[in-house]
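The structure appears right after this line, and notes come after that.
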Number of protein chains: 2
Amino acid sequence: MKTLQVHLGERSYPIYIGRDLLSKAGTYCEERGITRKSRHLIVTDESVAPHYLERVQSSLAEAGYDAAVHIVPAGEGSKSLKVYEEVMTTAISSRLDRSSAVFALGGGVVGDLAGFVAASYMRGITFVQIPTTILAHDSSVGGKVAVNHPLAKNMIGAFHQPVMVLYDVDTLTTLPPREVSAGLAEMVKHGLILDRDFAYWCLEHADDLLALDADTLTYGLERGCAIKAEVVSSDERESGWRAVLNLGHTIGHAVEAVGGYGRFLHGEAIAIGMAGSAMLAEELGRSGLYDETVKMLQAIQLPVTLPGDVSVDEVMEAMQHDKKFSEGQMVFIVPEEIGRVSIVKDVPVTVVRSVVERLQKEGIKG
Amino acid sequence: MKTLQVHLGERSYPIYIGRDLLSKAGTYCEERGITRKSRHLIVTDESVAPHYLERVQSSLAEAGYDAAVHIVPAGEGSKSLKVYEEVMTTAISSRLDRSSAVFALGGGVVGDLAGFVAASYMRGITFVQIPTTILAHDSSVGGKVAVNHPLAKNMIGAFHQPVMVLYDVDTLTTLPPREVSAGLAEMVKHGLILDRDFAYWCLEHADDLLALDADTLTYGLERGCAIKAEVVSSDERESGWRAVLNLGHTIGHAVEAVGGYGRFLHGEAIAIGMAGSAMLAEELGRSGLYDETVKMLQAIQLPVTLPGDVSVDEVMEAMQHDKKFSEGQMVFIVPEEIGRVSIVKDVPVTVVRSVVERLQKEGIKG
């Protein structure tokens, strides 16, 4: 078992990564000082519950904790204000109080939804992340929680740090292959942003990662979390440098939105977005990046082009709503080389459009 | 014009109190560093808009600011997730970005609603309070923002400090008399909690306050805001001492809930609650407080008893959902003398019930 510390002053917290952690959830709660006097709430989804809910419940119960459960439908659709209100209703009916904790047992959707509930229930209560996807190695670090608005993704949310992240790698074995690849997209992203060696390590170990080899995965997750934690520690509320974590996300979020948040998995959309960022880098005169980036993404079986039936106009329109569209200028995270990026403000919309068009042409060509 | 500073480290902000401040809104925005490059959003309600919206809009426009407007129905009903989502839709459609500000022009309902929008739009943007009620002298200081859940009041919210409060006392002249009294309830509360002299000053100047005499009101608001700011500065997130501000609120919120958030104004309900707290103090052996408290509340024409048709059972049931109900124990703010209170944990529910019953008997008797 590995322990990684996220340094955020009085909001610092540990990430535990290893095997068979679910059955020790109660012990970790005790270690982190969660009270037994209040009721707690486990939020999970219909896909995760049959596999892991009972294990977490038993562990909490054995340690003397009383936790209600709210199960949401699987998928991005649950990151809505409607489902958020339903979870709030359960929290109130279960008489959660200011000392209660909300446990997010699941992937990024459950983490974001339950996290925003924890952030806003009685103006903020304790939050525990128990991620069950690879993608969640990214979303469970950094305290960004949110639900979607029909007009744009993650528009409604907060910064709310968990008191701990319990990352049981055994839960990853039940992931469907497409979600494995999509989750690894964020891992590769962390390499592309800040760690050239790690990016090439991901490329070399792509097959072992896809096969969910426990040791390879533990190292990859630990390194991915560590890179993210390092960036977050230096800029918790994304007033500057933290924005580099959004590599591929401006185009990616737009692609997700146009696909109705169902057609593309988040990791797939940002893989397309990262290919786009590499193209953009070339447009800005930094050559050689596109081929390397695409090779890395394809090694973990991710899409790197925009399907022909997706409307470029709609992607451009969706991008205007993005949070990265600040003060009338378009902000992009652009690679300088593998393992290094910069924040480029005021990228002309015409250049972005030509990149989106090329993303589609490459698909038709290839 | 008086300026009061709320001391909260990097979240410190000024409260400007005086006449004709609405027409200088643009100037104050510039002083506080609000950008002209982004669009902003004014949230107000149907009662306030006809009187003051244009004045604020013109002032912002003259200073070069571009602000969209969202007008909600007047009343507590607008503190719902439904209206919250509607305001979010306007914010997104108006292309607010991370540098944008949300202006709350109105009373406590508009402030709480718009504040929670500002707290959660893109995970938190700039917030400006422009209160137009006496009650808002309380709600606009301290950063507590929230909407209601059908099961309980203020359950969904955040701590989000404004960058400034613009308190134009000229706006108070259009308040209906019942709202004047209800607003003064929080002013008296600040005296009862922390400042014996101010409590008796309110009693002595009750008629001038009810008549909205500008100088008397300016002093009262300034002193009320100052007391609140002092408490908030010492405990921003209500981990301890700040709870004293909830004097009368445990019973008061329950009374409001049972009245369907329409029958009693907030100030009226907490006046009943404060009378109840004084009774509770007597139950706990502190005599003489009840008569003094009731005299002060009645001087500003507030109710101090529970109407005979309100169900005591329903009030007790509503109280169980209150945030002050922590870890299975009932927490109450209890007066020790006029101008001093203490936080009493673990008040037996039977004692609370006898207080609620007596609040009703006093009404039938009187």
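Scheme for the structure tokens: letters A, B, ... for chains in order shown; per-chain residue numbers from 1; ligand numbers from 1 in order shown.
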What's around Glu314 (chain B) at 8 Å? Count only C-alpha atoms, leave out sequence neighbours fewer than 4 positions away in its own chain, and write the answer as a PDB file with C-alpha atoms, in the first residue's frame.
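Contents of selection23.pdb, as written:
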ATOM      1  CA  VAL B 258     -44.353  25.052   9.494  1.00  0.00           C
ATOM      2  CA  VAL B 310     -49.840  26.275  14.662  1.00  0.00           C
ATOM      3  CA  ALA B 318     -39.294  20.653  11.773  1.00  0.00           C
TER       4      ALA B 318
END
List the neighbours of Val48 (chain A) out to 9 Å using only C-alpha atoms; skip same-chain residues closer than 4 positions along the sequence, and give me the result as an MDAnalysis selection string. chainID A and resid 44 52:53 74 105:107 132
Quick one: contact table of chain B to chain A, 6 Å max, nearest atom pair and distance in Å to one decimal per residue, counting only C-alpha atoms, chain and number order, as CSV?
residue,atom,partner,partner_atom,distance
B:Lys37,CA,A:Glu327,CA,5.3
B:Ser38,CA,A:Glu327,CA,4.9
B:Asp97,CA,A:Ser326,CA,5.7
B:Ser120,CA,A:Gly157,CA,4.8
B:Tyr121,CA,A:Ile156,CA,5.0
B:Met122,CA,A:Met155,CA,4.8
B:Arg123,CA,A:Ala158,CA,4.1
B:Met155,CA,A:Met122,CA,4.8
B:Ile156,CA,A:Tyr121,CA,5.0
B:Gly157,CA,A:Arg123,CA,4.6
B:Ala158,CA,A:Arg123,CA,4.1
B:Ser326,CA,A:Asp97,CA,5.6
B:Glu327,CA,A:Ser38,CA,4.9
Find the residues around Met296 (chain A) up to 6 Å (only C-alpha atoms counted), leave out those fewer than 3 positions away in its own chain, and share them as number ranges by chain. A: 203, 293, 299
Export, as a PDB file, in the first residue's frame, the selected residues with N, CA and C atoms.
ATOM      1  N   LEU A 203       3.805   4.888 -22.582  1.00  0.00           N
ATOM      2  CA  LEU A 203       3.863   4.330 -23.932  1.00  0.00           C
ATOM      3  C   LEU A 203       4.454   2.922 -23.898  1.00  0.00           C
ATOM      4  N   THR A 293       2.399  12.595 -29.817  1.00  0.00           N
ATOM      5  CA  THR A 293       1.201  12.591 -28.971  1.00  0.00           C
ATOM      6  C   THR A 293       0.209  11.532 -29.443  1.00  0.00           C
ATOM      7  N   ALA A 299      -1.552   4.065 -28.541  1.00  0.00           N
ATOM      8  CA  ALA A 299      -1.014   2.890 -27.840  1.00  0.00           C
ATOM      9  C   ALA A 299      -1.981   2.422 -26.754  1.00  0.00           C
TER      10      ALA A 299
END
Residues at most 10 Å from Glu30 (chain B), counting only C-alpha atoms, excluding those fewer than 6 positions away in the same chain, as an MDAnalysis selection string? chainID B and resid 36 60 63:65
Residues of the last selection are to be written out with N, CA, C and O atoms, as a PDB file, in the first residue's frame.
ATOM      1  N   ARG B  36     -13.843  45.344 -16.378  1.00  0.00           N
ATOM      2  CA  ARG B  36     -14.811  45.796 -17.396  1.00  0.00           C
ATOM      3  C   ARG B  36     -14.806  44.856 -18.604  1.00  0.00           C
ATOM      4  O   ARG B  36     -15.614  44.992 -19.505  1.00  0.00           O
ATOM      5  N   LEU B  60     -23.731  51.509 -13.426  1.00  0.00           N
ATOM      6  CA  LEU B  60     -22.736  50.566 -13.955  1.00  0.00           C
ATOM      7  C   LEU B  60     -22.383  50.915 -15.405  1.00  0.00           C
ATOM      8  O   LEU B  60     -21.214  50.923 -15.794  1.00  0.00           O
ATOM      9  N   ALA B  63     -20.125  53.819 -15.862  1.00  0.00           N
ATOM     10  CA  ALA B  63     -18.735  53.509 -15.502  1.00  0.00           C
ATOM     11  C   ALA B  63     -18.119  52.485 -16.460  1.00  0.00           C
ATOM     12  O   ALA B  63     -16.999  52.021 -16.244  1.00  0.00           O
ATOM     13  N   GLY B  64     -18.873  52.116 -17.507  1.00  0.00           N
ATOM     14  CA  GLY B  64     -18.303  51.234 -18.530  1.00  0.00           C
ATOM     15  C   GLY B  64     -18.484  49.755 -18.255  1.00  0.00           C
ATOM     16  O   GLY B  64     -17.809  48.920 -18.855  1.00  0.00           O
ATOM     17  N   TYR B  65     -19.420  49.405 -17.358  1.00  0.00           N
ATOM     18  CA  TYR B  65     -19.678  47.989 -17.059  1.00  0.00           C
ATOM     19  C   TYR B  65     -20.885  47.472 -17.838  1.00  0.00           C
ATOM     20  O   TYR B  65     -21.868  48.194 -18.019  1.00  0.00           O
TER      21      TYR B  65
END
Can you tell me, as a ChimeraX atom specification, which residues in region 172-267 of chain A count as alpha helix (DSSP H) by DSSP? /A:177-194,196-204,206-210,214-234,249-258,266-267
Using the selection just defined, write its residues with C-alpha atoms as a CSV table (one decimal), in the first residue's frame.
chain,number,residue,atom,x,y,z
A,177,PRO,CA,-12.0,-2.1,-21.7
A,178,ARG,CA,-13.3,1.2,-23.2
A,179,GLU,CA,-13.3,2.8,-19.7
A,180,VAL,CA,-9.8,1.5,-19.0
A,181,SER,CA,-8.5,3.3,-22.1
A,182,ALA,CA,-10.5,6.4,-21.2
A,183,GLY,CA,-9.1,6.4,-17.7
A,184,LEU,CA,-5.5,6.0,-18.9
A,185,ALA,CA,-6.0,9.1,-21.1
A,186,GLU,CA,-5.7,11.3,-18.0
A,187,MET,CA,-2.6,9.3,-16.9
A,188,VAL,CA,-0.9,10.0,-20.2
A,189,LYS,CA,-2.0,13.6,-19.9
A,190,HIS,CA,-0.1,14.0,-16.6
A,191,GLY,CA,3.0,12.8,-18.4
A,192,LEU,CA,2.4,15.0,-21.4
A,193,ILE,CA,2.0,18.1,-19.1
A,194,LEU,CA,4.9,17.7,-16.6
A,196,ARG,CA,8.5,13.4,-20.2
A,197,ASP,CA,9.8,10.2,-18.6
A,198,PHE,CA,6.4,9.2,-17.3
A,199,ALA,CA,4.8,9.9,-20.7
A,200,TYR,CA,7.2,7.5,-22.4
A,201,TRP,CA,6.8,5.0,-19.5
A,202,CYS,CA,3.1,5.0,-20.3
A,203,LEU,CA,3.9,4.3,-23.9
A,204,GLU,CA,6.2,1.5,-23.1
A,206,ALA,CA,0.7,0.5,-22.6
A,207,ASP,CA,-0.1,-3.2,-22.9
A,208,ASP,CA,0.4,-4.0,-19.2
A,209,LEU,CA,-1.7,-1.0,-18.3
A,210,LEU,CA,-4.5,-2.1,-20.6
A,214,ALA,CA,-1.6,-4.6,-10.6
A,215,ASP,CA,1.9,-3.5,-10.1
A,216,THR,CA,2.1,-1.5,-13.3
A,217,LEU,CA,-1.2,0.1,-12.5
A,218,THR,CA,-0.3,1.0,-8.9
A,219,TYR,CA,2.9,2.7,-10.1
A,220,GLY,CA,1.0,4.5,-12.9
A,221,LEU,CA,-1.8,5.7,-10.6
A,222,GLU,CA,0.7,6.8,-7.9
A,223,ARG,CA,2.8,8.8,-10.4
A,224,GLY,CA,-0.3,10.3,-12.0
A,225,CYS,CA,-1.8,11.3,-8.7
A,226,ALA,CA,1.6,12.7,-7.6
A,227,ILE,CA,1.9,14.9,-10.6
A,228,LYS,CA,-1.6,16.2,-10.2
A,229,ALA,CA,-1.2,16.7,-6.4
A,230,GLU,CA,2.0,18.7,-7.1
A,231,VAL,CA,0.2,21.1,-9.5
A,232,VAL,CA,-2.9,21.4,-7.2
A,233,SER,CA,-0.7,22.1,-4.1
A,234,SER,CA,0.8,25.1,-5.9
A,249,HIS,CA,-10.1,19.9,-22.1
A,250,THR,CA,-11.2,22.9,-24.1
A,251,ILE,CA,-11.9,21.0,-27.3
A,252,GLY,CA,-12.6,17.8,-25.2
A,253,HIS,CA,-15.4,19.3,-23.2
A,254,ALA,CA,-17.0,20.8,-26.4
A,255,VAL,CA,-16.8,17.3,-28.1
A,256,GLU,CA,-18.5,15.7,-25.0
A,257,ALA,CA,-21.2,18.4,-25.0
A,258,VAL,CA,-21.9,18.0,-28.7
A,266,HIS,CA,-14.6,11.9,-20.9
A,267,GLY,CA,-11.2,10.3,-21.5
Best match for closeness to Leu8 (chain B) among B:Asp66, B:Glu86, B:Asp346, B:Glu236, counting only C-alpha atoms: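 Selected residue with least distance to Leu8 (chain B): B:Glu236.
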At what distance in Å, to one decimal, does CA of Arg358 (chain A) lie from CA of Leu247 (chain A)?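 Between these atoms lies a distance of 18.1 Å.
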If you run DSSP on the backbone here, which positions in region 133-354 of chain A get strand (DSSP E or B)? Please write them as a VMD selection string. chain A and resid 144 to 149 152 to 159 164 to 168 325 to 326 329 to 330 332 to 337 340 to 344
Just to be explicit: take each residue in the selection above, keep N, CA and C atoms, and write the result as a compact mmCIF listing (two decimals), in the first residue's frame.
# COMPACT_ATOMS: atom_id res chain seq x y z
N LYS A 144 -11.88 19.53 -7.06
CA LYS A 144 -12.87 20.11 -7.98
C LYS A 144 -14.10 19.20 -8.00
N VAL A 145 -15.25 19.75 -7.64
CA VAL A 145 -16.49 18.98 -7.67
C VAL A 145 -17.51 19.81 -8.43
N ALA A 146 -18.47 19.15 -9.09
CA ALA A 146 -19.40 19.91 -9.91
C ALA A 146 -20.50 19.03 -10.47
N VAL A 147 -21.59 19.67 -10.87
CA VAL A 147 -22.59 19.02 -11.72
C VAL A 147 -22.65 19.81 -13.03
N ASN A 148 -23.32 19.22 -14.01
CA ASN A 148 -23.43 19.87 -15.32
C ASN A 148 -24.69 20.71 -15.41
N HIS A 149 -24.65 21.71 -16.24
CA HIS A 149 -25.84 22.45 -16.65
C HIS A 149 -26.15 21.99 -18.07
N ALA A 152 -23.74 23.51 -20.46
CA ALA A 152 -22.30 23.30 -20.41
C ALA A 152 -21.91 22.46 -19.20
N LYS A 153 -20.80 21.78 -19.37
CA LYS A 153 -20.33 20.81 -18.37
C LYS A 153 -19.66 21.50 -17.19
N ASN A 154 -19.84 20.92 -15.99
CA ASN A 154 -19.13 21.36 -14.78
C ASN A 154 -19.30 22.84 -14.47
N MET A 155 -20.42 23.43 -14.88
CA MET A 155 -20.61 24.87 -14.67
C MET A 155 -20.97 25.19 -13.23
N ILE A 156 -21.51 24.21 -12.51
CA ILE A 156 -22.05 24.46 -11.17
C ILE A 156 -21.26 23.60 -10.19
N GLY A 157 -20.45 24.21 -9.35
CA GLY A 157 -19.64 23.39 -8.48
C GLY A 157 -18.89 24.17 -7.43
N ALA A 158 -17.86 23.55 -6.92
CA ALA A 158 -17.10 24.14 -5.82
C ALA A 158 -15.70 23.54 -5.79
N PHE A 159 -14.84 24.13 -4.97
CA PHE A 159 -13.60 23.48 -4.58
C PHE A 159 -13.84 22.92 -3.19
N MET A 164 -9.83 12.22 2.76
CA MET A 164 -8.92 11.15 2.31
C MET A 164 -9.44 10.56 1.00
N VAL A 165 -8.54 9.92 0.26
CA VAL A 165 -8.91 9.16 -0.93
C VAL A 165 -8.45 7.73 -0.69
N LEU A 166 -9.40 6.80 -0.80
CA LEU A 166 -9.10 5.36 -0.62
C LEU A 166 -9.14 4.73 -2.00
N TYR A 167 -7.97 4.39 -2.54
CA TYR A 167 -7.92 3.94 -3.93
C TYR A 167 -7.58 2.45 -3.95
N ASP A 168 -8.61 1.64 -4.05
CA ASP A 168 -8.42 0.18 -4.05
C ASP A 168 -8.29 -0.29 -5.50
N PHE A 325 -12.80 30.14 -21.56
CA PHE A 325 -13.05 31.29 -22.43
C PHE A 325 -13.17 32.51 -21.52
N SER A 326 -12.04 33.19 -21.24
CA SER A 326 -12.03 34.20 -20.19
C SER A 326 -11.88 35.61 -20.76
N GLN A 329 -11.30 36.29 -24.42
CA GLN A 329 -10.17 35.69 -25.13
C GLN A 329 -10.20 34.17 -24.94
N MET A 330 -9.63 33.46 -25.87
CA MET A 330 -9.62 32.02 -25.79
C MET A 330 -8.27 31.55 -25.23
N PHE A 332 -5.70 28.55 -24.17
CA PHE A 332 -5.39 27.15 -24.47
C PHE A 332 -4.11 26.70 -23.76
N ILE A 333 -4.13 25.42 -23.37
CA ILE A 333 -2.91 24.81 -22.86
C ILE A 333 -2.23 24.16 -24.06
N VAL A 334 -1.04 24.60 -24.35
CA VAL A 334 -0.37 24.14 -25.58
C VAL A 334 0.95 23.46 -25.22
N PRO A 335 1.18 22.24 -25.74
CA PRO A 335 2.46 21.57 -25.47
C PRO A 335 3.64 22.34 -26.08
N GLU A 336 4.75 22.36 -25.34
CA GLU A 336 5.98 22.92 -25.90
C GLU A 336 6.87 21.78 -26.38
N GLU A 337 6.89 20.73 -25.58
CA GLU A 337 7.52 19.46 -25.96
C GLU A 337 6.81 18.39 -25.14
N ARG A 340 6.09 19.04 -21.24
CA ARG A 340 6.12 20.47 -20.91
C ARG A 340 5.04 21.21 -21.70
N VAL A 341 4.28 22.06 -21.01
CA VAL A 341 3.20 22.82 -21.68
C VAL A 341 3.28 24.27 -21.25
N SER A 342 2.60 25.13 -22.00
CA SER A 342 2.45 26.50 -21.54
C SER A 342 1.01 26.95 -21.73
N ILE A 343 0.65 28.00 -20.99
CA ILE A 343 -0.71 28.54 -21.08
C ILE A 343 -0.68 29.68 -22.09
N VAL A 344 -1.40 29.51 -23.19
CA VAL A 344 -1.39 30.55 -24.22
C VAL A 344 -2.75 31.25 -24.20
Fewer than 2 positions away in the same chain doesn't count, so skip those; otherwise give me all residues within 8 Å of Leu289 (chain A), counting only C-alpha atoms, as a PDB file with all heavy atoms, in the first residue's frame.
ATOM      1  N   ALA A 278      -1.952  19.313 -29.709  1.00  0.00           N
ATOM      2  CA  ALA A 278      -0.668  19.084 -30.387  1.00  0.00           C
ATOM      3  C   ALA A 278      -0.678  19.710 -31.782  1.00  0.00           C
ATOM      4  O   ALA A 278       0.319  20.293 -32.226  1.00  0.00           O
ATOM      5  CB  ALA A 278      -0.376  17.594 -30.461  1.00  0.00           C
ATOM      6  N   MET A 279      -1.834  19.612 -32.465  1.00  0.00           N
ATOM      7  CA  MET A 279      -1.973  20.302 -33.767  1.00  0.00           C
ATOM      8  C   MET A 279      -1.813  21.806 -33.589  1.00  0.00           C
ATOM      9  O   MET A 279      -1.140  22.475 -34.371  1.00  0.00           O
ATOM     10  CB  MET A 279      -3.380  20.070 -34.338  1.00  0.00           C
ATOM     11  CG  MET A 279      -3.572  18.734 -35.003  1.00  0.00           C
ATOM     12  SD  MET A 279      -5.314  18.653 -35.534  1.00  0.00           S
ATOM     13  CE  MET A 279      -5.343  16.959 -36.123  1.00  0.00           C
ATOM     14  N   ALA A 281      -0.208  23.327 -31.295  1.00  0.00           N
ATOM     15  CA  ALA A 281       1.206  23.611 -31.042  1.00  0.00           C
ATOM     16  C   ALA A 281       1.961  23.744 -32.368  1.00  0.00           C
ATOM     17  O   ALA A 281       2.794  24.636 -32.543  1.00  0.00           O
ATOM     18  CB  ALA A 281       1.819  22.504 -30.189  1.00  0.00           C
ATOM     19  N   GLU A 282       1.620  22.847 -33.304  1.00  0.00           N
ATOM     20  CA  GLU A 282       2.286  22.920 -34.603  1.00  0.00           C
ATOM     21  C   GLU A 282       1.896  24.192 -35.352  1.00  0.00           C
ATOM     22  O   GLU A 282       2.742  24.828 -35.980  1.00  0.00           O
ATOM     23  CB  GLU A 282       1.974  21.664 -35.421  1.00  0.00           C
ATOM     24  CG  GLU A 282       2.527  20.412 -34.740  1.00  0.00           C
ATOM     25  CD  GLU A 282       2.693  19.222 -35.677  1.00  0.00           C
ATOM     26  OE1 GLU A 282       2.112  19.235 -36.776  1.00  0.00           O
ATOM     27  OE2 GLU A 282       3.433  18.288 -35.297  1.00  0.00           O
ATOM     28  N   ARG A 286       5.505  24.828 -33.222  1.00  0.00           N
ATOM     29  CA  ARG A 286       6.270  23.827 -32.470  1.00  0.00           C
ATOM     30  C   ARG A 286       6.086  22.470 -33.143  1.00  0.00           C
ATOM     31  O   ARG A 286       5.081  21.798 -32.952  1.00  0.00           O
ATOM     32  CB  ARG A 286       5.747  23.747 -31.039  1.00  0.00           C
ATOM     33  CG  ARG A 286       5.923  25.070 -30.294  1.00  0.00           C
ATOM     34  CD  ARG A 286       5.012  25.135 -29.094  1.00  0.00           C
ATOM     35  NE  ARG A 286       4.983  26.493 -28.552  1.00  0.00           N
ATOM     36  CZ  ARG A 286       4.254  26.852 -27.517  1.00  0.00           C
ATOM     37  NH1 ARG A 286       3.487  25.970 -26.920  1.00  0.00           N
ATOM     38  NH2 ARG A 286       4.270  28.095 -27.097  1.00  0.00           N
ATOM     39  N   SER A 287       7.052  22.030 -33.918  1.00  0.00           N
ATOM     40  CA  SER A 287       6.840  20.855 -34.768  1.00  0.00           C
ATOM     41  C   SER A 287       7.159  19.537 -34.072  1.00  0.00           C
ATOM     42  O   SER A 287       7.814  19.501 -33.033  1.00  0.00           O
ATOM     43  CB  SER A 287       7.672  20.975 -36.048  1.00  0.00           C
ATOM     44  OG  SER A 287       9.036  20.949 -35.688  1.00  0.00           O
ATOM     45  N   ASP A 291       2.734  13.904 -33.990  1.00  0.00           N
ATOM     46  CA  ASP A 291       2.933  12.467 -34.218  1.00  0.00           C
ATOM     47  C   ASP A 291       3.216  11.714 -32.914  1.00  0.00           C
ATOM     48  O   ASP A 291       2.690  10.637 -32.674  1.00  0.00           O
ATOM     49  CB  ASP A 291       4.094  12.231 -35.202  1.00  0.00           C
ATOM     50  CG  ASP A 291       3.721  12.691 -36.614  1.00  0.00           C
ATOM     51  OD1 ASP A 291       2.508  12.886 -36.852  1.00  0.00           O
ATOM     52  OD2 ASP A 291       4.635  12.866 -37.443  1.00  0.00           O
ATOM     53  N   GLU A 292       4.069  12.297 -32.061  1.00  0.00           N
ATOM     54  CA  GLU A 292       4.405  11.660 -30.784  1.00  0.00           C
ATOM     55  C   GLU A 292       3.166  11.513 -29.904  1.00  0.00           C
ATOM     56  O   GLU A 292       2.927  10.467 -29.299  1.00  0.00           O
ATOM     57  CB  GLU A 292       5.450  12.500 -30.025  1.00  0.00           C
ATOM     58  CG  GLU A 292       6.862  12.389 -30.558  1.00  0.00           C
ATOM     59  CD  GLU A 292       7.435  10.985 -30.407  1.00  0.00           C
ATOM     60  OE1 GLU A 292       7.852  10.622 -29.287  1.00  0.00           O
ATOM     61  OE2 GLU A 292       7.419  10.260 -31.426  1.00  0.00           O
ATOM     62  N   THR A 293       2.399  12.595 -29.817  1.00  0.00           N
ATOM     63  CA  THR A 293       1.201  12.591 -28.971  1.00  0.00           C
ATOM     64  C   THR A 293       0.209  11.532 -29.443  1.00  0.00           C
ATOM     65  O   THR A 293      -0.315  10.745 -28.638  1.00  0.00           O
ATOM     66  CB  THR A 293       0.528  13.993 -28.994  1.00  0.00           C
ATOM     67  OG1 THR A 293       1.487  14.960 -28.566  1.00  0.00           O
ATOM     68  CG2 THR A 293      -0.695  14.043 -28.087  1.00  0.00           C
ATOM     69  N   PRO A 335       1.180  22.240 -25.743  1.00  0.00           N
ATOM     70  CA  PRO A 335       2.459  21.573 -25.473  1.00  0.00           C
ATOM     71  C   PRO A 335       3.636  22.345 -26.076  1.00  0.00           C
ATOM     72  O   PRO A 335       3.519  22.921 -27.163  1.00  0.00           O
ATOM     73  CB  PRO A 335       2.318  20.207 -26.174  1.00  0.00           C
ATOM     74  CG  PRO A 335       0.935  20.121 -26.690  1.00  0.00           C
ATOM     75  CD  PRO A 335       0.287  21.453 -26.603  1.00  0.00           C
ATOM     76  N   GLU A 337       6.892  20.728 -25.576  1.00  0.00           N
ATOM     77  CA  GLU A 337       7.521  19.464 -25.959  1.00  0.00           C
ATOM     78  C   GLU A 337       6.812  18.395 -25.144  1.00  0.00           C
ATOM     79  O   GLU A 337       5.976  18.721 -24.295  1.00  0.00           O
ATOM     80  CB  GLU A 337       9.024  19.491 -25.660  1.00  0.00           C
ATOM     81  CG  GLU A 337       9.333  19.799 -24.203  1.00  0.00           C
ATOM     82  CD  GLU A 337      10.838  19.912 -23.933  1.00  0.00           C
ATOM     83  OE1 GLU A 337      11.515  20.739 -24.580  1.00  0.00           O
ATOM     84  OE2 GLU A 337      11.306  19.154 -23.071  1.00  0.00           O
ATOM     85  N   ILE A 338       7.140  17.105 -25.350  1.00  0.00           N
ATOM     86  CA  ILE A 338       6.510  16.070 -24.538  1.00  0.00           C
ATOM     87  C   ILE A 338       6.967  16.274 -23.088  1.00  0.00           C
ATOM     88  O   ILE A 338       8.167  16.277 -22.818  1.00  0.00           O
ATOM     89  CB  ILE A 338       6.906  14.648 -25.039  1.00  0.00           C
ATOM     90  CG1 ILE A 338       6.477  14.437 -26.497  1.00  0.00           C
ATOM     91  CG2 ILE A 338       6.300  13.559 -24.137  1.00  0.00           C
ATOM     92  CD1 ILE A 338       4.997  14.467 -26.773  1.00  0.00           C
TER      93      ILE A 338
END
Identify, on the basis of only C-alpha atoms, every residue whose closest approach to Thr90 (chain A) does not exceed 10 Å; exclude the query and any residue fewer than 6 positions from it along the same chain; express the result as a PyMOL selection string. chain A and resi 41+43+68-70+96
Near region 259-262 of chain B, within 8 Å and counting only C-alpha atoms, which residues show up once chain neighbours fewer than 5 positions away are dropped, as JSON, numbers by chain? {"B": [75, 76, 77, 310]}
Dump as a compact mmCIF listing (two decimals), in the first residue's frame, selection limited to all heavy atoms:
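Resulting contents of part.txt:
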# COMPACT_ATOMS: atom_id res chain seq x y z
N GLY B 75 -40.03 37.04 -2.66
CA GLY B 75 -40.44 36.10 -1.61
C GLY B 75 -39.55 34.89 -1.49
O GLY B 75 -38.79 34.55 -2.41
N GLU B 76 -39.67 34.24 -0.36
CA GLU B 76 -38.83 33.10 0.03
C GLU B 76 -38.88 31.96 -0.99
O GLU B 76 -37.93 31.18 -1.11
CB GLU B 76 -39.28 32.61 1.41
CG GLU B 76 -38.42 31.56 2.07
CD GLU B 76 -37.15 32.10 2.74
OE1 GLU B 76 -37.07 33.32 3.00
OE2 GLU B 76 -36.23 31.29 2.96
N GLY B 77 -39.99 31.88 -1.75
CA GLY B 77 -40.13 30.83 -2.76
C GLY B 77 -39.01 30.84 -3.79
O GLY B 77 -38.72 29.82 -4.42
N VAL B 310 -51.08 26.93 15.11
CA VAL B 310 -49.84 26.27 14.66
C VAL B 310 -49.62 25.01 15.49
O VAL B 310 -49.72 25.04 16.71
CB VAL B 310 -48.63 27.23 14.81
CG1 VAL B 310 -47.33 26.50 14.49
CG2 VAL B 310 -48.79 28.44 13.91
